>>> print(open('run_10.txt').read())   # compact mmCIF, C-alpha atoms
# COMPACT_ATOMS: atom_id res chain seq x y z
CA MET A 6 74.47 143.00 94.16
CA LEU A 7 73.18 141.05 91.16
CA LYS A 8 73.50 144.13 88.95
CA LEU A 9 77.11 144.59 90.07
CA ILE A 10 77.87 140.93 89.36
CA LYS A 11 76.38 141.22 85.86
CA LEU A 12 78.40 144.41 85.34
CA GLU A 13 81.59 142.54 86.28
CA TRP A 14 80.80 139.78 83.79
CA LYS A 15 80.03 142.30 81.05
CA LYS A 16 83.08 144.45 81.77
CA ASN A 17 85.44 141.46 81.73
CA ARG A 18 83.85 139.85 78.65
CA ILE A 19 82.41 136.77 80.26
CA PHE A 20 81.88 135.03 76.91
CA LYS A 21 85.65 134.75 76.60
CA TYR A 22 85.73 132.74 79.81
CA ILE A 23 82.75 130.64 78.71
CA ARG A 24 84.69 129.77 75.55
CA ASN A 25 87.82 128.93 77.55
CA ALA A 26 85.81 126.80 80.00
CA ALA A 27 84.28 124.89 77.07
CA ILE A 28 87.75 124.30 75.59
CA THR A 29 89.05 123.15 78.99
CA THR A 30 86.17 120.68 79.33
CA ALA A 31 86.71 119.36 75.80
CA VAL A 32 90.43 118.79 76.42
CA LEU A 33 89.76 117.02 79.74
CA LEU A 34 87.08 114.86 78.10
CA LEU A 35 89.38 113.87 75.24
CA PHE A 36 92.15 112.92 77.68
CA LEU A 37 89.78 110.88 79.86
CA LEU A 38 88.29 109.09 76.84
CA MET A 39 91.78 108.13 75.73
CA ALA A 40 92.79 106.98 79.20
CA ALA A 41 89.46 105.44 80.29
CA GLY A 42 90.38 101.90 79.30
CA GLU A 43 93.60 101.93 81.32
CA LEU A 44 91.95 103.59 84.30
CA GLU A 45 89.36 100.83 84.50
CA THR A 46 92.03 98.16 84.69
CA VAL A 47 93.09 99.63 88.04
CA GLU A 48 91.13 98.31 90.99
CA THR A 49 89.06 100.67 93.11
CA VAL A 50 91.23 102.68 95.48
CA GLN A 51 90.14 101.92 99.02
CA SER A 52 90.97 105.40 100.33
CA TYR A 53 88.66 106.99 97.74
CA GLY A 54 85.82 104.50 97.78
CA LYS A 55 85.37 105.20 94.06
CA SER A 56 86.45 103.70 90.77
CA MET A 57 89.65 105.12 89.33
CA LEU A 58 87.72 106.51 86.36
CA ASP A 59 85.32 108.42 88.61
CA THR A 60 88.18 109.59 90.81
CA SER A 61 90.17 110.76 87.79
CA VAL A 62 87.26 112.87 86.49
CA GLY A 63 87.05 114.69 89.81
CA LEU A 64 90.83 115.04 90.10
CA PHE A 65 91.44 116.59 86.68
CA VAL A 66 88.36 118.82 86.71
CA HIS A 67 89.29 120.12 90.17
CA MET A 68 92.87 120.80 89.12
CA ALA A 69 91.79 122.66 85.98
CA TYR A 70 89.18 124.84 87.65
CA ILE A 71 91.22 125.74 90.72
CA VAL A 72 93.74 127.30 88.32
CA PHE A 73 90.89 128.73 86.21
CA THR A 74 89.47 130.39 89.34
CA GLY A 75 92.94 131.71 90.20
CA VAL A 76 93.22 133.31 86.76
CA MET A 77 89.83 135.00 87.15
CA ILE A 78 90.76 136.22 90.64
CA ALA A 79 93.92 137.69 89.13
CA VAL A 80 91.97 139.49 86.38
CA TYR A 81 88.79 140.53 88.19
CA ILE A 82 90.19 141.56 91.57
CA VAL A 83 93.99 141.66 91.82
CA GLY A 84 94.35 143.13 88.33
CA ALA A 85 92.03 146.01 89.27
CA TYR A 86 94.41 146.94 92.12
CA GLU A 87 97.48 146.31 90.01
CA LYS A 88 96.27 148.58 87.18
CA LYS A 89 94.66 151.03 89.67
CA THR A 90 91.29 150.82 87.89
CA ILE A 91 89.87 150.01 91.33
CA ASN A 92 90.31 153.69 92.24
CA LEU A 93 87.62 154.65 89.72
CA MET A 94 85.25 151.99 91.02
CA PHE A 95 85.78 153.14 94.60
CA SER A 96 84.73 156.64 93.54
CA TYR A 97 81.18 155.32 92.90
CA PRO A 98 78.55 156.00 95.61
CA ILE A 99 78.69 152.32 96.60
CA LYS A 100 80.43 150.74 99.56
CA ARG A 101 83.87 149.45 98.68
CA SER A 102 83.14 146.16 100.41
CA LYS A 103 80.09 145.65 98.20
CA ILE A 104 82.19 146.25 95.07
CA ILE A 105 84.81 143.71 96.15
CA LEU A 106 82.14 141.20 97.20
CA SER A 107 80.46 141.54 93.79
CA LYS A 108 83.77 140.70 92.12
CA ILE A 109 84.26 137.70 94.41
CA CYS A 110 80.69 136.48 93.77
CA ALA A 111 81.12 136.95 89.99
CA VAL A 112 84.21 134.72 90.01
CA TRP A 113 82.75 132.16 92.43
CA LEU A 114 79.40 131.77 90.65
CA PHE A 115 80.98 131.41 87.21
CA ASN A 116 83.54 128.81 88.26
CA PHE A 117 81.10 126.84 90.41
CA THR A 118 78.63 126.63 87.52
CA ALA A 119 81.39 125.86 85.00
CA MET A 120 82.85 123.10 87.19
CA VAL A 121 79.47 121.40 87.79
CA LEU A 122 78.59 121.58 84.07
CA SER A 123 82.05 120.32 83.11
CA LYS A 124 81.65 117.29 85.38
CA ALA A 125 78.13 116.66 84.06
CA VAL A 126 79.23 116.79 80.41
CA ILE A 127 82.22 114.50 81.02
CA TYR A 128 80.24 111.94 83.04
CA LEU A 129 77.34 111.86 80.56
CA VAL A 130 79.63 111.54 77.52
CA LEU A 131 81.56 108.71 79.21
CA ILE A 132 78.26 106.92 79.84
CA ALA A 133 76.94 107.62 76.32
CA THR A 134 80.10 106.35 74.59
CA LYS A 135 80.76 103.28 76.74
CA SER A 136 79.61 100.97 73.92
CA VAL A 137 82.21 102.57 71.62
CA THR A 138 85.08 102.94 74.08
CA GLY A 139 84.42 99.60 75.76
CA ILE A 140 84.44 101.03 79.29
CA SER A 141 81.90 99.81 81.83
CA ALA A 142 81.72 103.22 83.58
CA ALA A 143 81.45 101.35 86.87
CA GLY A 144 81.08 103.70 89.82
CA ILE A 145 79.57 106.52 87.72
CA SER A 146 76.03 106.32 89.07
CA VAL A 147 74.50 109.29 87.24
CA GLY A 148 71.02 108.13 88.22
CA GLU A 149 71.71 108.52 91.94
CA PRO A 150 70.93 111.89 93.61
CA SER A 151 73.86 111.33 95.99
CA PHE A 152 76.22 111.18 92.99
CA TRP A 153 75.23 114.66 91.83
CA ALA A 154 75.11 115.99 95.39
CA ASP A 155 78.75 114.95 95.76
CA ALA A 156 79.63 116.60 92.43
CA VAL A 157 77.96 119.87 93.47
CA LEU A 158 79.40 119.95 97.00
CA SER A 159 82.93 119.13 95.84
CA ALA A 160 82.70 121.87 93.19
CA ALA A 161 81.60 124.40 95.82
CA ALA A 162 84.46 123.35 98.08
CA MET A 163 87.12 123.49 95.34
CA VAL A 164 86.06 126.93 94.06
CA SER A 165 85.94 128.29 97.61
CA ILE A 166 89.38 126.90 98.42
CA SER A 167 90.74 128.68 95.34
CA PHE A 168 90.16 132.03 97.07
CA ILE A 169 93.11 131.37 99.37
CA ALA A 170 95.06 132.86 96.45
CA LEU A 171 93.21 136.19 96.80
CA PRO A 172 95.04 137.75 99.78
CA VAL A 173 98.35 136.56 98.34
CA GLY A 174 97.73 138.46 95.11
CA LEU A 175 96.41 141.54 96.94
CA LYS A 176 99.32 141.60 99.38
CA MET A 177 101.86 141.47 96.56
CA ARG A 178 99.73 143.56 94.17
CA SER A 179 100.54 140.94 91.57
CA SER A 180 98.23 138.96 89.27
CA LYS A 181 101.05 136.51 88.64
CA ALA A 182 101.38 135.85 92.37
CA ALA A 183 97.66 134.97 92.56
CA ILE A 184 97.99 132.50 89.67
CA VAL A 185 101.13 130.91 91.14
CA ALA A 186 99.32 130.61 94.50
CA SER A 187 96.44 128.78 92.77
CA VAL A 188 98.91 126.29 91.27
CA ILE A 189 100.36 125.70 94.74
CA ILE A 190 96.80 125.15 96.05
CA VAL A 191 96.36 122.45 93.38
CA CYS A 192 99.53 120.72 94.58
CA PHE A 193 98.33 120.72 98.19
CA THR A 194 94.66 119.81 97.66
CA GLN A 195 95.06 117.23 94.89
CA GLY A 196 98.36 115.74 95.97
CA GLY A 197 99.60 113.86 98.98
CA ILE A 198 102.12 113.81 101.81
CA GLY A 199 104.01 110.53 101.93
CA SER A 200 101.51 107.71 101.69
CA ALA A 201 98.62 109.89 102.87
CA THR A 202 96.35 111.31 100.21
CA LEU A 203 94.95 114.82 100.59
CA ALA A 204 92.35 114.50 97.83
CA ASN A 205 88.87 113.64 99.20
CA ASN A 206 90.14 114.10 102.78
CA MET A 207 87.09 115.83 104.28
CA THR A 208 88.91 117.05 107.41
CA PHE A 209 91.64 118.58 105.29
CA TYR A 210 89.09 120.22 102.99
CA ALA A 211 87.12 121.57 105.96
CA ILE A 212 90.26 123.23 107.32
CA LEU A 213 91.05 124.71 103.91
CA PHE A 214 87.45 125.94 103.56
CA VAL A 215 87.76 127.83 106.85
CA VAL A 216 91.08 129.28 105.66
CA ALA A 217 89.42 130.30 102.37
CA MET A 218 86.58 132.08 104.19
CA ALA A 219 89.14 133.84 106.39
CA SER A 220 91.03 134.87 103.23
CA VAL A 221 87.90 136.45 101.78
CA TRP A 222 87.11 138.18 105.07
CA LEU A 223 90.63 139.62 105.29
CA SER A 224 90.35 140.87 101.71
CA VAL A 225 87.05 142.65 102.39
CA SER A 226 87.04 143.63 106.08
CA ARG A 227 89.32 146.68 105.95
CA VAL A 228 88.69 147.73 102.37
CA GLU A 229 86.70 150.83 103.45
CA THR A 230 89.75 152.37 105.11
CA ARG A 231 92.63 150.67 103.29
CA ASP A 232 94.79 152.89 101.09
CA VAL A 233 94.50 151.65 97.50
CA MET A 234 97.42 153.68 96.16
>>> encode(input="run_10.txt", output="C-alpha cells")
Amino acid sequence: MLKLIKLEWKKNRIFKYIRNAAITTAVLLLFLLMAAGELETVETVQSYGKSMLDTSVGLFVHMAYIVFTGVMIAVYIVGAYEKKTINLMFSYPIKRSKIILSKICAVWLFNFTAMVLSKAVIYLVLIATKSVTGISAAGISVGEPSFWADAVLSAAAMVSISFIALPVGLKMRSSKAAIVASVIIVCFTQGGIGSATLANNMTFYAILFVVAMASVWLSVSRVETRDVM
C-alpha cells in the first residue's frame, strides 16, 4: 500500500501541492497577523471555550484545507474516472479496491500532515511575534499537550469529513462537482444555523465523520464489479 501511495504522490507531482500548501499557510498567517489585534479585543466566545484568536486560526485553516482536500480528491480520484485513466490502472494485477484506497490514503495523509503543520507554523509565529504585533496570544497554550492533541484530532476530523465530496464527484463523474461539494461542506461545518454554531460541535462532527466513512465505503465497496466506462 505504501508503494502505491508514493506512486500516487509521484504521478501527481506532490511537490506542486507542497508549494500550494505553503502558499496557503503564508496567506492565512499574513491575514491573521493583520487581524490579530482586533480579534483579541473580542471577549472569549462561551460556546467555543477559546479565545477568538485561537478560534480564528482553527476556523480559517479548516476552511482552507477542506477545499484543498476537495481539490486533491477531484484530481487524484474523480479526475482519473473523468479522464478514463483509471481504466489503465485497473488493468494492473492489483485489486481495484486497493488502488482506490491508495488514492484515498495519499490525499488523506497529505492534507492531514499539511493541516497540522499549517496550524503549528501559524501558532508558533503568532507566539514568536507577539512582542512586535502587541498581541498577548492568550489561549494559545503551545506548551500544553492537550493543545496539540486538539489540533491533531480536529485536523483528522476535518480531512475525513472532506471525503463526503468523493461520492458526489464519482456519481456525477465531475471534478468540478467534487470541488463544489467541498465548498458546501465548508459552509455546513464552519457555519451555523440560526444562533446555533456548527463549528466545534462534537456531536455534529461525529455524525459527519460517520457519513464520511460511509462515503468512502460506498466509493470502494463495489469497485471490483462496477463498470468504469
>>> residues_around(input="run_10.txt", residues="Ile184 in chain A", least_positions_apart="3", cutoff="8 Å", atoms="all atoms listed in the file", output="list in words")
Val72, Gly75, Val76, Ala79, Ala170, Ser180, Lys181, Ser187 and Val188 of chain A
>>> residues_around(input="run_10.txt", residues="Trp14 in chain A", least_positions_apart="3", cutoff="10 Å", atoms="all atoms listed in the file", output="list in words")
Lys8, Leu9, Ile10, Lys11, Asn17, Arg18, Ile19, Phe20, Tyr22, Tyr81, Lys108, Ala111, Val112 and Phe115 of chain A
>>> closest_residue(input="run_10.txt", among="A:Ile91, A:Leu131, A:Val215, A:Ala182", to="Leu58 in chain A", atoms="all atoms listed in the file")
A:Leu131
>>> atom_distance(input="run_10.txt", atom1="CA of Thr194 in chain A", atom2="CA of Ile82 in chain A")
23.0 Å
>>> residues_near_point(input="run_10.txt", point="(81.3, 149.4, 87.2)", cutoff="9 Å", atoms="only C-alpha atoms", output="PyMOL selection string")
chain A and resi 9+12-13+16+93-94+97+104
>>> closest_atom_pairs(input="run_10.txt", of="range 69-178 of chain A", to="range 30-40 of chain A", cutoff="12 Å", atoms="all atoms listed in the file", output="CSV")
residue,atom,partner,partner_atom,distance
A:Ala69,CA,A:Leu33,CA,8.7
A:Tyr70,CA,A:Thr30,CA,9.8
A:Phe73,CA,A:Thr30,CA,11.6
A:Ala119,CA,A:Thr30,CA,9.0
A:Met120,CA,A:Thr30,CA,8.9
A:Val121,CA,A:Thr30,CA,10.8
A:Leu122,CA,A:Thr30,CA,9.0
A:Ser123,CA,A:Thr30,CA,5.6
A:Lys124,CA,A:Thr30,CA,8.3
A:Ala125,CA,A:Thr30,CA,10.2
A:Val126,CA,A:Thr30,CA,8.0
A:Ile127,CA,A:Leu34,CA,5.7
A:Tyr128,CA,A:Leu34,CA,8.9
A:Leu129,CA,A:Leu34,CA,10.5
A:Val130,CA,A:Leu34,CA,8.2
A:Leu131,CA,A:Leu38,CA,7.1
A:Ile132,CA,A:Leu38,CA,10.7
A:Ala133,CA,A:Leu38,CA,11.5
A:Thr134,CA,A:Leu38,CA,8.9
A:Lys135,CA,A:Leu38,CA,9.5
A:Val137,CA,A:Leu38,CA,10.3
A:Thr138,CA,A:Leu38,CA,7.5
A:Gly139,CA,A:Leu38,CA,10.3
A:Ile140,CA,A:Leu38,CA,9.3
A:Ala142,CA,A:Leu38,CA,11.1
>>> atom_distance(input="run_10.txt", atom1="CA of Lys15 in chain A", atom2="CA of Arg178 in chain A")
23.7 Å
>>> atom_distance(input="run_10.txt", atom1="CA of Phe168 in chain A", atom2="CA of Thr74 in chain A")
7.9 Å
>>> closest_residue(input="run_10.txt", among="A:Phe117, A:Asp155, A:Ser107, A:Met77", to="Thr60 in chain A", atoms="only C-alpha atoms")
A:Asp155
>>> closest_residue(input="run_10.txt", among="A:Val83, A:Met57, A:Ile28, A:Ala162", to="Trp113 in chain A", atoms="only C-alpha atoms")
A:Ala162
>>> closest_residue(input="run_10.txt", among="A:Ile190, A:Ser179, A:Ala26, A:Met163", to="Lys88 in chain A", atoms="only C-alpha atoms")
A:Ser179
>>> closest_residue(input="run_10.txt", among="A:Val80, A:Ile23, A:Leu213, A:Ile105", to="Val164 in chain A", atoms="only C-alpha atoms")
A:Leu213
>>> build_atoms(input="run_10.txt", residues="range 177-192 of chain A", atoms="N, CA and C atoms", output="tab-separated table (two decimals), in the frame of the given file")
chain	number	residue	atom	x	y	z
A	177	MET	N	100.72	141.22	97.45
A	177	MET	CA	101.86	141.47	96.56
A	177	MET	C	101.51	142.39	95.40
A	178	ARG	N	100.20	142.74	95.29
A	178	ARG	CA	99.73	143.56	94.17
A	178	ARG	C	100.19	142.96	92.84
A	179	SER	N	100.03	141.65	92.74
A	179	SER	CA	100.54	140.94	91.57
A	179	SER	C	99.55	139.87	91.11
A	180	SER	N	99.10	139.97	89.86
A	180	SER	CA	98.23	138.96	89.27
A	180	SER	C	98.96	137.63	89.14
A	181	LYS	N	100.25	137.72	88.79
A	181	LYS	CA	101.05	136.51	88.64
A	181	LYS	C	101.15	135.75	89.96
A	182	ALA	N	101.28	136.49	91.05
A	182	ALA	CA	101.38	135.85	92.37
A	182	ALA	C	100.10	135.09	92.70
A	183	ALA	N	98.94	135.64	92.32
A	183	ALA	CA	97.66	134.97	92.56
A	183	ALA	C	97.58	133.67	91.77
A	184	ILE	N	98.04	133.70	90.52
A	184	ILE	CA	97.99	132.50	89.67
A	184	ILE	C	98.95	131.44	90.19
A	185	VAL	N	100.15	131.86	90.58
A	185	VAL	CA	101.13	130.91	91.14
A	185	VAL	C	100.57	130.30	92.43
A	186	ALA	N	99.92	131.12	93.25
A	186	ALA	CA	99.32	130.61	94.50
A	186	ALA	C	98.25	129.56	94.20
A	187	SER	N	97.48	129.76	93.13
A	187	SER	CA	96.44	128.78	92.77
A	187	SER	C	97.06	127.46	92.34
A	188	VAL	N	98.21	127.52	91.66
A	188	VAL	CA	98.91	126.29	91.27
A	188	VAL	C	99.41	125.56	92.51
A	189	ILE	N	99.91	126.31	93.48
A	189	ILE	CA	100.36	125.70	94.74
A	189	ILE	C	99.18	125.06	95.47
A	190	ILE	N	98.01	125.71	95.43
A	190	ILE	CA	96.80	125.15	96.05
A	190	ILE	C	96.45	123.81	95.41
A	191	VAL	N	96.60	123.72	94.08
A	191	VAL	CA	96.36	122.45	93.38
A	191	VAL	C	97.27	121.36	93.93
A	192	CYS	N	98.55	121.71	94.09
A	192	CYS	CA	99.53	120.72	94.58
A	192	CYS	C	99.17	120.22	95.96
